[in-house]
Amino acid sequence: MEDTIKTGIEESNFIHNFIDEDIENGRYEGKPIYTRFPPEPNGYLHIGHAKSICLNFTTAEKYGGYCNLRYDDTNPVKEDTEYVESIQEDVKWLGFKWDKLLFASDYFQQMYDCAVKLIEKGVAFVDDLTADEIRETRGTLKEPGKDSPYKNRSIEENLKLFEEMRDGKYEDGEKVLRAKIDMASPNINMRDPVIYRISHNEHHNTGGKWCVYPMYDFAHPLEDAIEGITHSLCTLEFEDHRPLYEWSLEQLDWPTPPRQIEFARLNLTNTIMSKRHLKALVDDGSVDGWDDPRMPTIAGIRRRGYTPEAVRDFCEKIGVAKANSMIEMSFLEHCVREDLKTRVESRNVIFDPIKVVITNYPDDQTEEMEMENNREVPEMGNRMIPFSKELYVDGADFMEEPVKKYFRLFPGNEVRFKGAYFITCNEVIKNDDGSIKEIHCTYDPETRSGSGFEGRKVKGTIHWVDAKTAVKIKVREYGYLMIEDENGENVLNPDSVKETFCYAEPKVADAEAGERFQFFRHGYYIADEKLTTKDEKVFNQIVGLKSSWKK
RNA sequence: UGGGGUAUAGCCAAGUCGGUAAGGCAACGGGUUUUGAUCCCGUCAUGCGUAGGUUCGAGUCCUGCUACCCCAGCCA
């Protein structure tokens with residue numbers, strides 16, 4: 001039996017089946033498979049977009065084809081260059097290389113020409129109805145709509161009017177170009193849809209050059225067709241638009257038109273993906289920006305310390321289908337741990353310090369203890385950390401009155417201090433208020449790590465930090481960004497960030513922004529890119545460690 | 001009977017010709033362990049939304065139901 005390592009592009013899904021079929025039928029005459037990721041630059045990309053990005057790029061890769069990054073920027077009022085830059089960064093961060101970087105707005109002339117063709121063909125007309133009137137005559141889900149009184153204008157008049165629209169003779173909303181299809185269609189998208197509207201707004205790419213802009217339903221098939229896209233992957237809500245997508249290309253006699261295939265978008269438990277919500281949090285200062293480590297944006301999870309490999313692995317593992325689904329957060333977290341566990345070094349960090357005094361250890365002695373950087377990956381080598389008479393251990397590693405099956409430190413118990421000695425707890429020293437001041441322990445010099453001591457075994461191994469040389473760091477741990485209040489409304493979680501000062505082994509002071517570690521027993525952390533300074537190290541919790549121990 | 005979709009375990013998800021329900025996450029149990037991590041082993045659908053039908057045989061084919069999602073922007 002041979003072991004085969006499965007990668008995303010070897011997995012197969014229903015989209016691949018369609019493509020295989022198209023290739024067999026010779027639908028694309030042997031041309032390369034082309035996909036595209038077509039965001040509108042009106043916000044930052046989030047983890048949901050990552051699924052679409054992975055899908056488009058890996059599908060192209062699987063077939064030896066190409067994928068374009070194309071900005072679907074056909075609405076000047078919503079788009080901004082800040083977003084076009086962030087989108088490129090995010091796609092690059094995920095590790096994908098687009099074949100071409102394109103703007104739909106660069107096709108405005110071709111799209112305009114196509115609209116003229118439709119008019120000449122008699123399948124599009126200029127309508128003077130207002131937006132309200134169009135809505136009123138569109139009918140309802142169950143009742144057909146009514147033809148516009150302007151539907152039967154002559155081709156010449158339509159041509160002249162459309163040209164005047166382009167030349168800026170009309171105000172926003174005064175006229176639109178509509179496709180002549182069927183006001184009685186059970187598919188509302190086919191009831192003479194608006195395909196061009198007037199907008200006297202500055203466009204982020206074309207500036208003031210145009211004042212008529214194509215609607216998505218007309219623009220998108222043309223963008224795909226112009227670029228030679230073979231498979232246009234989009235989310236489920238566009239299924240009803242497919243007939244219009246196909247209609248547009250049919251009317252223009254486009255040879256080998258692209259095929260639209262829809263898939264279910266990503267939903268993650270306890271995660272708000274709505275751009276409206278996310279933007280509101282940024283605008284009202286509830287978060288640090290689009291890249292706040294709590295945000296589900298790609299910029300946010302990048303700063304949070306997730307790796308592109310983990311995100312990609314996640315997107316591959318969740319699969320692609322047409323059924324609406326809700327993925328559990330633990331799935332993503334699993335992928336993050338899985339990736340991090342073989343690529344980061346571990347460090348001793350004490351979150352809730354309890355001072356330990358080794359009473360039988362020489363007062364002024366310090367030893368350098370050897371610690372493995374990553375037990376799974378010996379090639380990552382070892383490091384030395386200081387050990388002396390006074391140390392800190394974690395609050396979770398000591399119990400004055402142990403519960404059953406607790407085998408860390410408690411009075412009378414002996415444990416191994418990882419990488420150092422067997423230590424026995426003898427006495428708990430209290431403050432006046434009854435809180436623990438320090439615990440007095442003794443060590444057994446014969447049990448030094450690496451000495452080969454086999455005399456007796458201990459059940460617990462705990463980590464520690466030398467008190468004299470410890471460095472103080474700030475650690476931020478995250479809960480859900482939004483939670484539901486009693487009315488079921490999404491509100492900011494007041495406990496979405498928990499800051500703690502911790503004692504870390506000296507080497508942590510050298511951590512560079514962006515560097516990741518496993519903090520022994522606590523999880524994976526990254527030195528925050530923005531908050532870490534020369535004087536203060538701030539670490540974000542990337543993801544906690546799984547623990548099977550329960551009290 | 002407006003139209004378009006989707007139903008396989010707590011969560012994802014394979015399941016091309018009908019041949020006797022992959023895999024992952026989570027959970028639980030056990031073993032190894034100088035991290036209660038990792039790793040390893042085991043358990044977890046006589047069952048595929050539901051009711052019938054065809055068939056030697058149905059998650060796959062047929063019929064009827066049911067539930068959920070999407071659509072009435074001059075947004076994408």
# chains A, B, ... in the order shown; residues from 1 in each chain; ligands from 1

$ closest_atom_pairs --of "chain B" --to "chain A" --cutoff "8 Å" --atoms "only C-alpha atoms (C1' of nucleotides)" --output "CSV"
residue,atom,partner,partner_atom,distance
B:G2,C1',A:Lys142,CA,4.1
B:G3,C1',A:Pro186,CA,5.0
B:G4,C1',A:Asp240,CA,5.7
B:G5,C1',A:Glu239,CA,7.8
B:U6,C1',A:Ala323,CA,5.1
B:A7,C1',A:Ala323,CA,7.9
B:C11,C1',A:Glu328,CA,5.8
B:C12,C1',A:Ile318,CA,5.6
B:A13,C1',A:Gly319,CA,6.8
B:G24,C1',A:Lys317,CA,7.1
B:C25,C1',A:Phe331,CA,5.2
B:A26,C1',A:Ser330,CA,7.6
B:U34,C1',A:Lys418,CA,5.6
B:U35,C1',A:Arg521,CA,5.7
B:G36,C1',A:Trp549,CA,4.9
B:A37,C1',A:Leu545,CA,6.8
B:U38,C1',A:Glu376,CA,7.1
B:C69,C1',A:Asn324,CA,7.0
B:C70,C1',A:Glu237,CA,5.3
B:C71,C1',A:Asp240,CA,6.9
B:A72,C1',A:Thr140,CA,5.2
B:C74,C1',A:Arg197,CA,5.4
B:C75,C1',A:Asn75,CA,7.9
B:A76,C1',A:Tyr216,CA,6.4

$ select_by_dssp --residues "segment 78-263 of chain A" --states "alpha helix (DSSP H)" --output "ChimeraX atom specification"
/A:81-93,108-120,131-137,155-166,216-227,242-251

$ atom_distance --atom1 "atom CA of Leu340 of chain A" --atom2 "atom CA of His46 of chain A"
21.1 Å

$ select_by_dssp --residues "segment 257-287 of chain A" --states "strand (DSSP E)" --output "ChimeraX atom specification"
/A:259-263

$ atom_distance --atom1 "atom CA of Lys430 of chain A" --atom2 "atom CA of Lys355 of chain A"
11.4 Å

$ closest_residue --among "B:G73, B:G53, B:G47, B:G64" --to "U20 of chain B" --atoms "only C-alpha atoms (C1' of nucleotides)"
B:G47

$ atom_distance --atom1 "atom CA of Ile301 of chain A" --atom2 "atom CA of Ile47 of chain A"
8.3 Å

$ residues_around --residues "G59 of chain B" --least-positions-apart "5" --cutoff "12 Å" --atoms "only C-alpha atoms (C1' of nucleotides)" --output "VMD selection string"
chain B and resid 7 to 8 14 to 15 18 20 to 21 45 47 to 49

$ residues_around --residues "Ile87 of chain A" --least-positions-apart "6" --cutoff "10 Å" --atoms "only C-alpha atoms (C1' of nucleotides)" --output "list in words"
Pro39, Glu40, Pro41, Asn42, Gly43, Tyr44, Leu45, His46, Leu69, Tyr71, Thr81, Trp93, Ile298 and Ala299 of chain A

$ residues_around --residues "Glu367 of chain A" --least-positions-apart "2" --cutoff "12 Å" --atoms "only C-alpha atoms (C1' of nucleotides)" --output "MDAnalysis selection string"
chainID A and resid 361:365 369:370 384:389 419:421 445 448:449 466

$ closest_residue --among "A:Asn493, A:Ser154, A:Glu133, A:Glu11" --to "G23 of chain B" --atoms "only C-alpha atoms (C1' of nucleotides)"
A:Glu11
